[in-house]
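Peer 1: Dropping a structure here in C-alpha cells format, bear with me for questions.
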Amino acid sequence: MAEFFGVIGDLVKSGLAVAKQDYRGDQAESYDLMQDWTGDVDYYLSLAEKHPGPVLELACGTGRVAVPMAQAGHRVWAIDIARDMLEVFYRKLSNLPEAAENLNISCQDVCDFQLDQRFSLIIMPCFSFTHLTTAQQRRQMFARAFAHLASSGVLAVHTPLWVSDEDWTGNQPRYSYKRSRGTQQVLTFHQVRPEAPGLVTLNLLHVICLGNGQSRLEAVACQEYRSTPDELKSLAAEAGFDKHFVYRDFKQNPVKPGDHAAILIAKKEEGQ
Ligand SMILES: C[S@@+](CC[C@H](N)C(=O)[O-])C[C@H]1O[C@@H](n2cnc3c(N)ncnc32)[C@H](O)[C@@H]1O
C-alpha cells in the first residue's frame, strides 16, 4: 500500500482520518458520487459509431461509461480488477434491464485478460491507465489490447501526463472539488509527491459532511503513473499498432508541451 505523508499522513496517524483502500468497500460504494463526470461519454460514443462492432472497456469501474454505451445499443464487454466496483455495477444494472442485455462484465486484470471475442473498439477512459505503475504492466496491457482488437480496430486510452516542472503540493493538502448527494457533501483535498520520473504518490482526503452537523474524514493513498506522449506512441508501436496519434482533448487537438492529460488513439492495420 502506498504511504500517507504530510498533513494527510498526520491526520491518519492521529486517528482523525480513517485510511481506506481505493475502489474497495465503501470507496467503491461512493465512487459514483466522487466521479460524476460525463464529459467524455459522447467522445466514446462517437468512436463506437465510427468503428461499429463490439466494444471493450478496460477498467470499467462501476460502469460510468459502459452503461451509456450499452444504452445507446452497443454490445459492450467490460472488465475490472476490483470486485467491489463490479458489485456496484451489477446492482446498477438490476434497474436497467435493456442496458444489461448489451453488457458482458468480468473481473479481470487489464494486463492479463482473456476474452473469446475480438473488438472494433477498446477504450480505457478516466485515467485508469495511471494504475499501471510498472513498465511491464503497461506493455502487457497494450499487448493484450492489440491481441483482442479486430482488424482495423482502434484502442483509445485517456491518461494523465508527466509534467516535469509540475507545481507539486508538497506536504500541504490542496482543495480539489466538492460533490453533493442528497443532504451529504464531500469536500476532497489532495497531496501529490513525485517519487521518480512518471511515478507519484497521491494522498486524497475526503471530508464527508453528513448533513446533521457532523462530519468524518477518510483518506486514500495510492501510487500513480503519468506517461508522456512519446512513451504512449512507443508502447503502441511495440505492441504492433500501425498508426498512433496523441491528442490533448476530445476535440482531437494535438497534444502540446505542458499538457496534463492526453488521449492516445492507436489503430490496428487492416488485415492484421
Ligand atoms: C478511475 S477508475 C475508472 C473507472 C471507469 N472506467 C470510469 O470511467 O469511471 C479506475 C478503475 O481501474 C481499475 N483498475 C486498476 N487497475 C486495474 C487492473 N490492473 N486491471 C483492471 N482494472 C484495474 C480500478 O479497479 C478502477 O475501477
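To be explicit about the labels: the chains of the C-alpha cells are called A, B, and onward in the order shown, and within each one the residues are counted from 1, while ligands get numbers from 1 in the order they are shown.
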Could you list, as a count of residues only, all the residues within 10 Å of ligand 1, counting only C-alpha atoms and all ligand atoms?
Peer 2: 55
Peer 1: Please return, as a ChimeraX atom specification, all residues of segment 42-132 of chain A that DSSP assigns to alpha helix (DSSP H) on the basis of the backbone.
Peer 2: /A:42-50,66-71,83-93,97-101
Peer 1: Quick one: pull the distance between atom CA of Asn203 of chain A and atom CA of Ser176 of chain A, Å, one decimal.
Peer 2: 11.7 Å
Peer 1: Looking only at the backbone, which of the residues in segment 35-236 of chain A does DSSP tag as strand (DSSP E), as a PyMOL selection string?
Peer 2: chain A and resi 55-58+76-80+103-107+119-124+149-160+174-181+184-196+199-209+215-225
Peer 1: When distances are computed from only C-alpha atoms, which of A:Asp10, A:Glu101, A:Glu269, A:Glu218 shows the smallest separation from Gln71 of chain A?
Peer 2: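 Going through A:Asp10, A:Glu101, A:Glu269, A:Glu218 one by one, the smallest distance to Gln71 of chain A is for A:Glu101.
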Peer 1: Excluding segment 235-252 of chain A and residues on its chain fewer than 3 positions from it, collect all residues at most 7 Å away from it, counting only C-alpha atoms, and give them as a list in words.
Peer 2: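 Everything that qualifies: Tyr43, Arg139, Phe142, Ala143, Phe146, Pro229, Glu231, Leu232, Val255, Asp259, Ala261, Ala262, Ile263, Leu264, Ile265, Ala266, Lys267, Lys268 and Glu269 of chain A.
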Peer 1: Pick the closest to Gln117 of chain A from A:Pro68, A:Pro194, A:Gly170, A:Gly53: which is it, counting only C-alpha atoms?
Peer 2: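 The closest residue to Gln117 of chain A is A:Gly53.
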Peer 1: Neighbouring residues of Val12 of chain A were defined as those with any atom within 12 Å, considering only C-alpha atoms; residues of the same chain fewer than 2 positions away were excluded. Please report them as a list in words.
Peer 2: Glu3, Phe4, Phe5, Gly6, Val7, Ile8, Gly9, Asp10, Ser14, Gly15, Leu16, Ala17, Val18, Ala19, Lys20, Asn203, Leu204, Leu205, His206, Leu217, Glu218, Ala219, Val220 and Ala221 of chain A
Peer 1: I need the residue nearest Gln223 of chain A from this list: A:Thr188, A:Ala156, A:Ile122, A:Thr134. Use only C-alpha atoms for the distance.
Peer 2: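 The shortest atom-to-atom distance to Gln223 of chain A comes from A:Thr134.
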